[in-house]
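Novice: Have a peek at input_7.tsv (TSV, C-alpha atoms).
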chain	number	residue	atom	x	y	z
A	890	MET	CA	17.27	-7.60	-28.08
A	891	SER	CA	14.63	-8.62	-25.56
A	892	PRO	CA	14.84	-7.47	-21.94
A	893	ASN	CA	15.97	-9.80	-19.22
A	894	ARG	CA	13.07	-10.89	-17.09
A	895	SER	CA	12.72	-11.70	-13.44
A	896	TYR	CA	9.85	-13.10	-11.47
A	897	LEU	CA	8.02	-11.42	-8.61
A	898	PRO	CA	5.62	-13.98	-7.11
A	899	VAL	CA	2.49	-11.99	-6.27
A	900	MET	CA	-1.18	-12.27	-6.29
A	901	LEU	CA	-1.18	-9.05	-4.36
A	902	ALA	CA	-2.65	-9.30	-0.85
A	903	ASP	CA	-3.81	-5.71	-0.69
A	904	ARG	CA	-6.47	-5.69	2.03
A	905	ALA	CA	-6.85	-7.04	5.55
A	906	VAL	CA	-9.05	-6.43	8.58
A	907	ILE	CA	-7.47	-7.05	12.00
A	908	PHE	CA	-8.26	-6.39	15.66
A	909	ILE	CA	-5.61	-4.53	17.64
A	910	LYS	CA	-5.36	-4.23	21.42
A	911	ALA	CA	-2.89	-2.03	23.25
A	912	GLY	CA	-1.72	-3.22	26.66
A	913	ASP	CA	-3.59	-2.39	29.84
A	914	GLY	CA	-1.78	-0.43	32.51
A	915	GLY	CA	-0.66	-2.32	35.61
A	916	ASP	CA	-2.53	-1.79	38.87
A	917	GLY	CA	-1.10	0.32	41.66
A	918	CYS	CA	0.18	-1.54	44.74
A	919	LEU	CA	-1.04	-1.36	48.32
A	920	SER	CA	1.97	-1.85	50.58
A	921	PHE	CA	3.45	-0.57	53.89
A	922	ARG	CA	7.07	-0.85	54.84
A	923	ARG	CA	7.88	-2.06	58.30
A	924	GLU	CA	10.10	0.45	60.12
A	925	LYS	CA	10.27	1.41	63.77
A	926	TYR	CA	8.68	4.72	64.72
A	927	ILE	CA	6.89	5.01	61.35
A	928	PRO	CA	3.10	4.56	61.64
A	929	LYS	CA	2.15	1.22	60.09
A	930	GLY	CA	5.56	1.19	58.45
A	931	GLY	CA	4.71	3.96	55.99
A	932	PRO	CA	3.09	3.53	52.56
A	933	ASP	CA	5.44	2.26	49.86
A	934	GLY	CA	3.15	0.80	47.20
A	935	GLY	CA	4.47	1.63	43.72
A	936	ASN	CA	2.62	2.62	40.59
A	937	GLY	CA	1.71	0.17	37.84
A	938	GLY	CA	3.61	0.04	34.56
A	939	ARG	CA	2.26	1.48	31.35
A	940	GLY	CA	0.70	-0.84	28.76
A	941	GLY	CA	2.48	-1.35	25.44
A	942	ASP	CA	1.38	0.53	22.31
A	943	VAL	CA	0.39	-0.89	18.94
A	944	LEU	CA	2.69	0.73	16.37
A	945	ALA	CA	2.75	0.70	12.59
A	946	PHE	CA	6.00	0.95	10.64
A	947	GLY	CA	6.47	1.51	6.90
A	948	ASP	CA	8.87	-1.34	6.08
A	949	LYS	CA	10.20	-1.29	2.51
A	950	SER	CA	10.98	-5.02	2.74
A	951	ALA	CA	7.27	-5.79	3.16
A	952	GLN	CA	5.41	-6.16	-0.14
A	953	THR	CA	1.92	-7.41	0.71
A	954	LEU	CA	-0.54	-7.69	3.59
A	955	LEU	CA	-0.49	-11.48	3.50
A	956	ASP	CA	0.77	-11.81	7.10
A	957	PHE	CA	-2.22	-9.84	8.31
A	958	GLN	CA	-4.76	-11.90	6.40
A	959	GLY	CA	-3.65	-14.98	8.35
A	960	ARG	CA	-3.43	-13.41	11.82
A	961	HIS	CA	-6.43	-11.37	12.94
A	962	HIS	CA	-5.50	-10.35	16.51
A	963	TRP	CA	-2.47	-8.24	17.39
A	964	ASN	CA	-2.05	-7.53	21.11
A	965	ALA	CA	0.55	-5.49	22.95
A	966	GLU	CA	1.72	-6.57	26.41
A	967	ASN	CA	0.05	-5.36	29.60
A	968	GLY	CA	2.00	-3.31	32.12
A	969	SER	CA	3.06	-5.04	35.32
A	970	PRO	CA	1.52	-4.06	38.65
A	971	GLY	CA	3.49	-1.93	41.09
A	972	SER	CA	5.16	-3.51	44.09
A	973	GLY	CA	6.43	-2.64	47.56
A	974	ARG	CA	9.41	-0.41	48.25
A	975	ASP	CA	7.83	2.09	45.90
A	976	LYS	CA	8.75	0.08	42.81
A	977	THR	CA	6.96	0.95	39.59
A	978	GLY	CA	5.84	-2.00	37.51
A	979	ALA	CA	7.53	-2.73	34.19
A	980	SER	CA	5.98	-1.24	31.08
A	981	GLY	CA	4.45	-3.68	28.62
A	982	GLU	CA	6.19	-4.45	25.34
A	983	SER	CA	4.72	-2.70	22.33
A	984	VAL	CA	3.84	-4.62	19.18
A	985	THR	CA	4.79	-3.27	15.75
A	986	LEU	CA	2.86	-3.92	12.56
A	987	ARG	CA	5.48	-3.96	9.81
A	988	LEU	CA	3.52	-2.80	6.78
A	989	PRO	CA	4.42	-1.98	3.18
A	990	PRO	CA	4.87	1.74	2.53
A	991	GLY	CA	1.66	2.98	0.96
A	992	THR	CA	-0.58	1.17	3.43
A	993	ILE	CA	-3.57	3.17	4.59
A	994	ILE	CA	-4.77	2.36	8.11
A	995	ILE	CA	-8.47	2.96	8.69
A	996	ASP	CA	-10.67	2.64	11.79
A	997	ASN	CA	-13.10	0.00	10.58
A	998	ASP	CA	-16.02	1.37	12.62
A	999	SER	CA	-15.73	5.10	11.94
A	1000	SER	CA	-13.86	4.89	8.58
A	1001	GLU	CA	-11.43	7.50	9.94
A	1002	VAL	CA	-8.01	7.36	8.27
A	1003	LEU	CA	-5.51	6.86	11.08
A	1004	ALA	CA	-2.33	6.82	8.98
A	1005	ASP	CA	-1.06	6.76	5.41
A	1006	LEU	CA	2.33	5.13	5.84
A	1007	THR	CA	5.44	6.25	4.04
A	1008	GLU	CA	8.78	4.44	4.03
A	1009	ASP	CA	10.44	4.25	7.49
A	1010	GLN	CA	7.55	6.14	9.10
A	1011	GLU	CA	6.44	4.90	12.53
A	1012	VAL	CA	3.12	5.89	14.08
A	1013	VAL	CA	1.21	4.91	17.21
A	1014	ILE	CA	-2.11	3.36	16.21
A	1015	ALA	CA	-3.41	2.30	19.64
A	1016	LYS	CA	-2.08	3.75	22.91
A	1017	GLY	CA	-1.34	1.62	25.92
A	1018	GLY	CA	-3.13	2.35	29.19
A	1019	SER	CA	-1.38	4.30	31.93
A	1020	GLY	CA	-0.41	2.52	35.11
A	1021	GLY	CA	-2.49	2.86	38.25
A	1022	PHE	CA	-1.26	4.71	41.36
A	1023	GLY	CA	0.08	2.84	44.36
A	1024	ASN	CA	-0.81	3.97	47.86
A	1025	ALA	CA	2.50	5.84	48.20
A	1026	HIS	CA	1.13	8.33	45.67
A	1027	PHE	CA	-1.67	9.33	48.05
A	1028	LYS	CA	0.47	10.04	51.12
A	1029	SER	CA	-0.01	13.54	52.54
A	1030	PRO	CA	0.49	15.32	55.90
A	1031	THR	CA	-3.12	14.61	56.72
A	1032	ASN	CA	-3.19	11.07	55.34
A	1033	GLN	CA	0.01	9.30	56.33
A	1034	THR	CA	-1.37	5.76	56.01
A	1035	PRO	CA	-3.40	5.79	52.80
A	1036	ARG	CA	-4.95	2.55	51.69
A	1037	GLU	CA	-6.06	3.95	48.37
A	1038	THR	CA	-4.83	2.62	45.03
A	1039	THR	CA	-6.10	2.87	41.46
A	1040	PRO	CA	-6.28	0.23	38.76
A	1041	GLY	CA	-4.39	0.54	35.48
A	1042	ALA	CA	-6.22	2.15	32.57
A	1043	PRO	CA	-7.27	-0.11	29.72
A	1044	GLY	CA	-5.36	0.09	26.46
A	1045	GLU	CA	-7.12	1.17	23.30
A	1046	ALA	CA	-8.73	-1.65	21.34
A	1047	PHE	CA	-10.55	-1.58	18.02
A	1048	GLU	CA	-10.73	-3.11	14.56
A	1049	ILE	CA	-8.72	-1.58	11.76
A	1050	ARG	CA	-8.76	-2.02	8.01
A	1051	LEU	CA	-5.51	-2.10	6.09
A	1052	GLU	CA	-5.51	-1.08	2.42
A	1053	LEU	CA	-2.35	-1.19	0.36
A	1054	LYS	CA	-2.04	1.30	-2.46
A	1055	LEU	CA	0.20	-0.37	-4.96
A	1056	ILE	CA	3.67	1.10	-5.26
A	1057	ALA	CA	5.06	0.39	-8.69
A	1058	ASP	CA	6.98	2.50	-11.15
A	1059	ILE	CA	4.52	2.01	-14.00
A	1060	GLY	CA	0.80	1.27	-13.95
A	1061	LEU	CA	-0.71	-0.34	-17.05
A	1062	VAL	CA	-4.13	1.12	-17.84
A	1063	GLY	CA	-6.55	0.54	-20.65
A	1064	LYS	CA	-9.89	-0.92	-21.59
A	1065	PRO	CA	-10.64	-4.55	-20.73
A	1066	ASN	CA	-9.03	-6.81	-23.35
A	1067	ALA	CA	-6.59	-4.08	-24.40
A	1068	GLY	CA	-3.80	-6.61	-23.85
A	1069	LYS	CA	-2.29	-5.40	-20.56
A	1070	SER	CA	-1.91	-8.87	-19.07
A	1071	THR	CA	-0.22	-10.17	-22.21
A	1072	LEU	CA	2.06	-7.14	-22.19
A	1073	LEU	CA	3.03	-7.73	-18.55
A	1074	THR	CA	3.94	-11.30	-19.44
A	1075	ALA	CA	6.14	-9.97	-22.25
A	1076	LEU	CA	7.75	-7.45	-19.90
A	1077	SER	CA	8.41	-9.91	-17.08
A	1078	ARG	CA	7.69	-13.44	-15.97
A	1079	ALA	CA	4.55	-12.64	-14.06
A	1080	THR	CA	1.73	-14.91	-15.19
A	1081	PRO	CA	-1.63	-13.17	-14.85
A	1082	LYS	CA	-4.81	-14.94	-15.89
A	1083	ILE	CA	-5.47	-14.17	-19.56
A	1084	ALA	CA	-8.52	-14.97	-21.69
A	1085	ASP	CA	-10.67	-13.50	-24.46
A	1086	TYR	CA	-13.23	-11.85	-22.21
A	1087	PRO	CA	-13.21	-8.68	-20.08
A	1088	PHE	CA	-12.12	-8.45	-16.45
A	1089	THR	CA	-9.85	-11.47	-16.43
A	1090	THR	CA	-7.47	-9.53	-14.18
A	1091	LEU	CA	-9.39	-9.24	-10.93
A	1092	SER	CA	-6.53	-8.05	-8.74
A	1093	PRO	CA	-3.27	-6.20	-9.41
A	1094	GLN	CA	-0.33	-8.21	-10.70
A	1095	LEU	CA	3.29	-7.13	-10.38
A	1096	GLY	CA	6.21	-7.85	-12.67
A	1097	ILE	CA	9.82	-6.72	-12.76
A	1098	ALA	CA	11.45	-5.91	-16.09
A	1099	GLU	CA	15.23	-5.68	-16.23
A	1100	ILE	CA	16.28	-3.34	-19.04
A	1101	ASP	CA	19.94	-4.10	-18.42
A	1102	PRO	CA	21.95	-5.20	-15.36
A	1103	SER	CA	21.79	-1.70	-13.84
A	1104	ARG	CA	18.18	-0.70	-14.55
A	1105	ARG	CA	14.92	-2.31	-13.49
A	1106	LEU	CA	11.31	-1.21	-13.53
A	1107	ILE	CA	8.36	-2.53	-11.54
A	1108	PHE	CA	5.16	-2.79	-13.59
A	1109	ALA	CA	1.62	-3.28	-12.32
A	1110	ASP	CA	-1.16	-4.67	-14.47
A	1111	ILE	CA	-4.29	-3.34	-12.82
A	1112	PRO	CA	-7.91	-4.38	-13.50
A	1113	GLY	CA	-9.52	-2.75	-16.53
A	1114	LEU	CA	-11.84	0.23	-16.51
A	1115	ILE	CA	-15.33	0.77	-17.82
A	1116	GLU	CA	-17.23	4.03	-18.06
A	1117	GLY	CA	-18.46	5.12	-14.65
A	1118	ALA	CA	-15.48	3.59	-12.81
A	1119	ALA	CA	-14.81	6.85	-10.98
A	1120	GLN	CA	-18.29	6.49	-9.47
A	1121	GLY	CA	-17.58	2.87	-8.54
A	1122	ALA	CA	-19.02	1.07	-11.59
A	1123	GLY	CA	-17.48	-2.26	-12.52
A	1124	LEU	CA	-14.20	-2.72	-10.69
A	1125	GLY	CA	-14.18	1.07	-10.27
A	1126	HIS	CA	-12.31	2.16	-7.21
A	1127	GLU	CA	-10.67	-1.27	-6.92
A	1128	PHE	CA	-8.76	-0.24	-10.04
A	1129	LEU	CA	-8.25	3.44	-9.45
A	1130	ARG	CA	-6.92	3.35	-5.90
A	1131	HIS	CA	-4.02	1.15	-6.99
A	1132	ILE	CA	-2.55	3.53	-9.55
A	1133	GLU	CA	-2.51	6.61	-7.33
A	1134	ARG	CA	1.07	5.92	-6.28
A	1135	THR	CA	2.58	4.69	-9.50
A	1136	LYS	CA	5.08	7.14	-10.93
A	1137	ALA	CA	3.77	6.99	-14.49
A	1138	ILE	CA	1.11	5.33	-16.61
A	1139	VAL	CA	1.39	3.23	-19.73
A	1140	HIS	CA	-1.91	3.61	-21.54
A	1141	VAL	CA	-2.44	0.48	-23.62
A	1142	LEU	CA	-4.60	0.91	-26.74
A	1143	GLU	CA	-5.72	-1.76	-29.19
A	1144	ILE	CA	-5.03	-0.83	-32.79
A	1145	GLU	CA	-8.07	-2.87	-33.87
A	1146	PRO	CA	-10.37	-3.45	-30.86
A	1147	LEU	CA	-12.14	-6.81	-30.96
A	1148	ASP	CA	-15.47	-5.17	-30.14
A	1149	GLY	CA	-15.20	-2.82	-33.12
A	1150	SER	CA	-14.91	0.28	-30.94
A	1151	ASP	CA	-12.85	3.36	-31.81
A	1152	PRO	CA	-9.34	3.38	-30.19
A	1153	VAL	CA	-9.45	7.17	-29.84
A	1154	ALA	CA	-12.84	7.05	-28.10
A	1155	ASN	CA	-11.50	4.31	-25.82
A	1156	TYR	CA	-8.50	6.46	-24.95
A	1157	GLU	CA	-10.67	9.47	-24.16
A	1158	ALA	CA	-13.02	7.37	-22.02
A	1159	ILE	CA	-10.15	6.11	-19.86
A	1160	ARG	CA	-8.69	9.59	-19.54
A	1161	LYS	CA	-12.06	10.90	-18.38
A	1162	GLU	CA	-12.34	8.22	-15.68
A	1163	LEU	CA	-8.84	9.02	-14.42
A	1164	PHE	CA	-9.59	12.73	-14.29
A	1165	ASP	CA	-12.99	12.26	-12.63
A	1166	TYR	CA	-11.38	10.14	-9.91
A	1167	SER	CA	-8.43	12.45	-9.31
A	1168	PRO	CA	-7.04	15.31	-11.43
A	1169	LEU	CA	-3.62	14.62	-9.90
A	1170	LEU	CA	-3.86	11.05	-11.14
A	1171	ALA	CA	-4.71	12.23	-14.64
A	1172	GLU	CA	-1.64	14.49	-14.65
A	1173	LYS	CA	0.85	11.66	-14.17
A	1174	GLU	CA	3.43	11.07	-16.87
A	1175	GLU	CA	1.90	8.96	-19.62
A	1176	ILE	CA	3.33	6.74	-22.34
A	1177	ILE	CA	0.90	5.47	-24.96
A	1178	ALA	CA	1.46	1.90	-26.12
A	1179	VAL	CA	-0.44	0.99	-29.30
A	1180	ASN	CA	-0.83	-2.74	-28.92
A	1181	LYS	CA	-1.49	-5.72	-31.18
A	1182	LEU	CA	0.51	-4.37	-34.13
A	1183	ASP	CA	1.14	-8.00	-35.08
A	1184	LEU	CA	-2.32	-7.81	-36.66
A	1185	LEU	CA	-0.88	-5.49	-39.34
A	1186	ALA	CA	0.94	-7.09	-42.24
A	1187	THR	CA	3.98	-4.87	-42.83
A	1188	ASP	CA	6.30	-2.46	-41.05
A	1189	GLU	CA	5.01	0.31	-43.30
A	1190	ASP	CA	1.46	-0.37	-42.10
A	1191	ARG	CA	2.61	-0.27	-38.50
A	1192	LEU	CA	4.46	3.03	-38.92
A	1193	GLU	CA	1.47	4.54	-40.64
A	1194	ALA	CA	-0.84	3.32	-37.88
A	1195	ILE	CA	1.33	4.97	-35.21
A	1196	SER	CA	1.48	8.22	-37.18
A	1197	MET	CA	-2.29	8.24	-37.62
A	1198	MET	CA	-2.80	7.52	-33.92
A	1199	ARG	CA	-0.48	10.36	-32.93
A	1200	THR	CA	-2.48	12.74	-35.11
A	1201	ALA	CA	-5.87	11.44	-33.93
A	1202	LEU	CA	-4.88	11.80	-30.26
A	1203	ARG	CA	-3.51	15.29	-30.92
A	1204	LEU	CA	-0.17	14.44	-29.35
A	1205	GLY	CA	2.75	16.82	-29.37
A	1206	PRO	CA	6.13	15.91	-30.87
A	1207	ASP	CA	7.55	15.09	-27.43
A	1208	ASP	CA	4.62	12.99	-26.24
A	1209	PRO	CA	5.78	9.34	-26.23
A	1210	ILE	CA	3.82	6.83	-28.27
A	1211	VAL	CA	5.22	3.35	-28.92
A	1212	GLY	CA	3.97	0.62	-31.21
A	1213	ILE	CA	4.09	-2.83	-29.60
A	1214	SER	CA	2.83	-6.37	-29.70
A	1215	GLY	CA	2.53	-8.02	-26.31
A	1216	ALA	CA	1.93	-11.33	-28.04
A	1217	THR	CA	5.17	-11.32	-30.08
A	1218	GLY	CA	7.39	-8.99	-28.02
A	1219	PHE	CA	7.65	-6.48	-30.87
A	1220	GLY	CA	8.48	-2.98	-29.53
A	1221	VAL	CA	8.73	-4.09	-25.89
A	1222	ARG	CA	12.34	-2.96	-25.60
A	1223	ASP	CA	11.43	0.46	-27.04
A	1224	LEU	CA	8.59	0.73	-24.53
A	1225	LEU	CA	10.92	-0.02	-21.60
A	1226	GLU	CA	13.39	2.62	-22.74
A	1227	ALA	CA	10.57	5.15	-23.15
A	1228	CYS	CA	9.37	4.39	-19.62
A	1229	TRP	CA	12.83	4.81	-18.16
A	1230	ALA	CA	13.41	8.06	-20.02
A	1231	ARG	CA	10.02	9.44	-18.98
A	1232	LEU	CA	10.77	8.75	-15.33
A	1233	GLY	CA	14.18	10.38	-15.42
A	1234	SER	CA	13.06	13.25	-13.21
A	1235	ALA	CA	11.15	11.00	-10.82
A	1236	GLU	CA	13.91	8.62	-9.67
A	1237	PRO	CA	12.54	5.69	-11.65
A	1238	GLY	CA	12.87	2.05	-10.92
A	1239	TRP	CA	15.84	0.52	-9.19
A	1240	GLN	CA	19.24	1.96	-10.14
A	1241	ILE	CA	21.65	-0.79	-9.15
A	1242	PRO	CA	25.16	0.39	-8.20
Let's see the structure in the file written out as structure tokens.
Specialist:
Amino acid sequence: MSPNRSYLPVMLADRAVIFIKAGDGGDGCLSFRREKYIPKGGPDGGNGGRGGDVLAFGDKSAQTLLDFQGRHHWNAENGSPGSGRDKTGASGESVTLRLPPGTIIIDNDSSEVLADLTEDQEVVIAKGGSGGFGNAHFKSPTNQTPRETTPGAPGEAFEIRLELKLIADIGLVGKPNAGKSTLLTALSRATPKIADYPFTTLSPQLGIAEIDPSRRLIFADIPGLIEGAAQGAGLGHEFLRHIERTKAIVHVLEIEPLDGSDPVANYEAIRKELFDYSPLLAEKEEIIAVNKLDLLATDEDRLEAISMMRTALRLGPDDPIVGISGATGFGVRDLLEACWARLGSAEPGWQIP
């Protein structure tokens, strides 16, 4: 029985650079009220209103940074100036950047990380300027007719870089040409670019696999690794930063690599890159998927190949290893069940009531 499949239309927009400007504070007012017996009517100029802030909010309904790639300036409203009768100007409206949870906000000049958004988290990225003082503020027993006011303070303004760390249940890792893109197509209806040469997946692709009407998993096919990726070689960090937030990893291995390499050596090379980049990343739950079993003639050959791979990788009896063929769909259902079971303690996927 093959899993139901649903389509998530993404070429993931995972980076954007925008300019943000908080509102300027309103100027203080110079004003005197006109009343009998009060020198020059008395000062009654009010203070200016505060400028609006630029906020960021982790919105679970947002999936990409596409809106921010098409609009490069985000400005909050300026505060209004003060007025007579000691009236304070209105504060400017803030502007909120509604970003996917997992977005890192970075000052583009200093490279300082300003925020690492989680779901429903709201943070102030740029503060609005304070309002200026009206002349009523400066009244004193020795200065009963002040003509002094101050202008509103400017709001903060700078360029920020947005980087989305992919949030998926399962990240597919493996050497280039291991068959991850073909597997994602078998798992869902996502249609990544596929060809017989390395690095055909140049940006993360998402797909949703529905195991049954009450259980779904989000998969991410992420660009392939080469040795030295942890130091930035090849796609390097472009790959690694996207799997930091997945809940588990499916490590896709070719049973008979086209380049004649050793599957065990390939596995160990990928594991080393994951560990070199982040030991926490390397400790994520892992399911091994031995791919392209359609190249073997019989079920007996396939079972023997899985047994030999388990021994060669020195896996324990509880370590999940699943034989699959992304091209034919063989073993895909078993892989989905293994993923769901492995994530049982990590609130996997979407549990639909």
Novice: Nearest to Thr953 of chain A among A:Thr992, A:Ser1070, A:Ser983, A:Ser969, with distances taken over all atoms listed in the file: which residue is it?
Specialist: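 For Thr953 of chain A, the nearest of the given residues is A:Thr992.
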Novice: Set the distance at 9 Å and use all atoms listed in the file: which residues neighbour segment 1146-1157 of chain A once local chain neighbours fewer than 5 positions away are removed? I'd like the list as number ranges by chain.
Specialist: A: 1063-1064, 1066-1067, 1140-1141, 1162, 1198, 1201-1202
Novice: Take the residues that were just selected and, keeping C-alpha atoms, output them as a short mmCIF file (atom, residue, chain, number, x, y, z; two decimals), in the frame of the given file.
Specialist:
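Result file out_39.cif:
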data_model
loop_
_atom_site.label_atom_id
_atom_site.label_comp_id
_atom_site.auth_asym_id
_atom_site.auth_seq_id
_atom_site.Cartn_x
_atom_site.Cartn_y
_atom_site.Cartn_z
CA GLY A 1063 -6.55 0.54 -20.65
CA LYS A 1064 -9.89 -0.92 -21.59
CA ASN A 1066 -9.03 -6.81 -23.35
CA ALA A 1067 -6.59 -4.08 -24.40
CA HIS A 1140 -1.91 3.61 -21.54
CA VAL A 1141 -2.44 0.48 -23.62
CA GLU A 1162 -12.34 8.22 -15.68
CA MET A 1198 -2.80 7.52 -33.92
CA ALA A 1201 -5.87 11.44 -33.93
CA LEU A 1202 -4.88 11.80 -30.26
#
Novice: Take atom CA of Val943 of chain A and atom CA of Val906 of chain A and report the distance between them in Å, one decimal.
Specialist: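 Interatomic distance, atom CA of Val943 of chain A to atom CA of Val906 of chain A: 15.1 Å.
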Novice: Quick one: residues within 9 Å of Gln958 of chain A, all atoms listed in the file counted, chain neighbours fewer than 2 positions away excluded, as a compact mmCIF listing (two decimals) with C-alpha atoms, keeping the file's coordinate frame?
Specialist:
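Listing of result20.txt after writing:
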# COMPACT_ATOMS: atom_id res chain seq x y z
CA ALA A 902 -2.65 -9.30 -0.85
CA ARG A 904 -6.47 -5.69 2.03
CA ALA A 905 -6.85 -7.04 5.55
CA VAL A 906 -9.05 -6.43 8.58
CA ILE A 907 -7.47 -7.05 12.00
CA LEU A 954 -0.54 -7.69 3.59
CA LEU A 955 -0.49 -11.48 3.50
CA ASP A 956 0.77 -11.81 7.10
CA ARG A 960 -3.43 -13.41 11.82
CA HIS A 961 -6.43 -11.37 12.94
Novice: Between atom CA of Ile993 of chain A and atom CA of Ser1167 of chain A, what is the spacing in Å?
Specialist: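 Atom CA of Ile993 of chain A lies 17.4 Å from atom CA of Ser1167 of chain A.
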Novice: Every residue with an atom at most 10 Å from (1.7, -4.0, -28.0) (file coordinates; all atoms listed in the file) is what I'm after, so could you write them as a list of chain:residue names?
Specialist: A:Ala1067, A:Gly1068, A:Lys1069, A:Thr1071, A:Leu1072, A:Ala1075, A:Val1141, A:Leu1142, A:Glu1143, A:Ile1144, A:Ile1177, A:Ala1178, A:Val1179, A:Asn1180, A:Lys1181, A:Leu1182, A:Asp1183, A:Val1211, A:Gly1212, A:Ile1213, A:Ser1214, A:Gly1215, A:Ala1216, A:Thr1217, A:Gly1218, A:Phe1219, A:Gly1220, A:Val1221, A:Leu1224
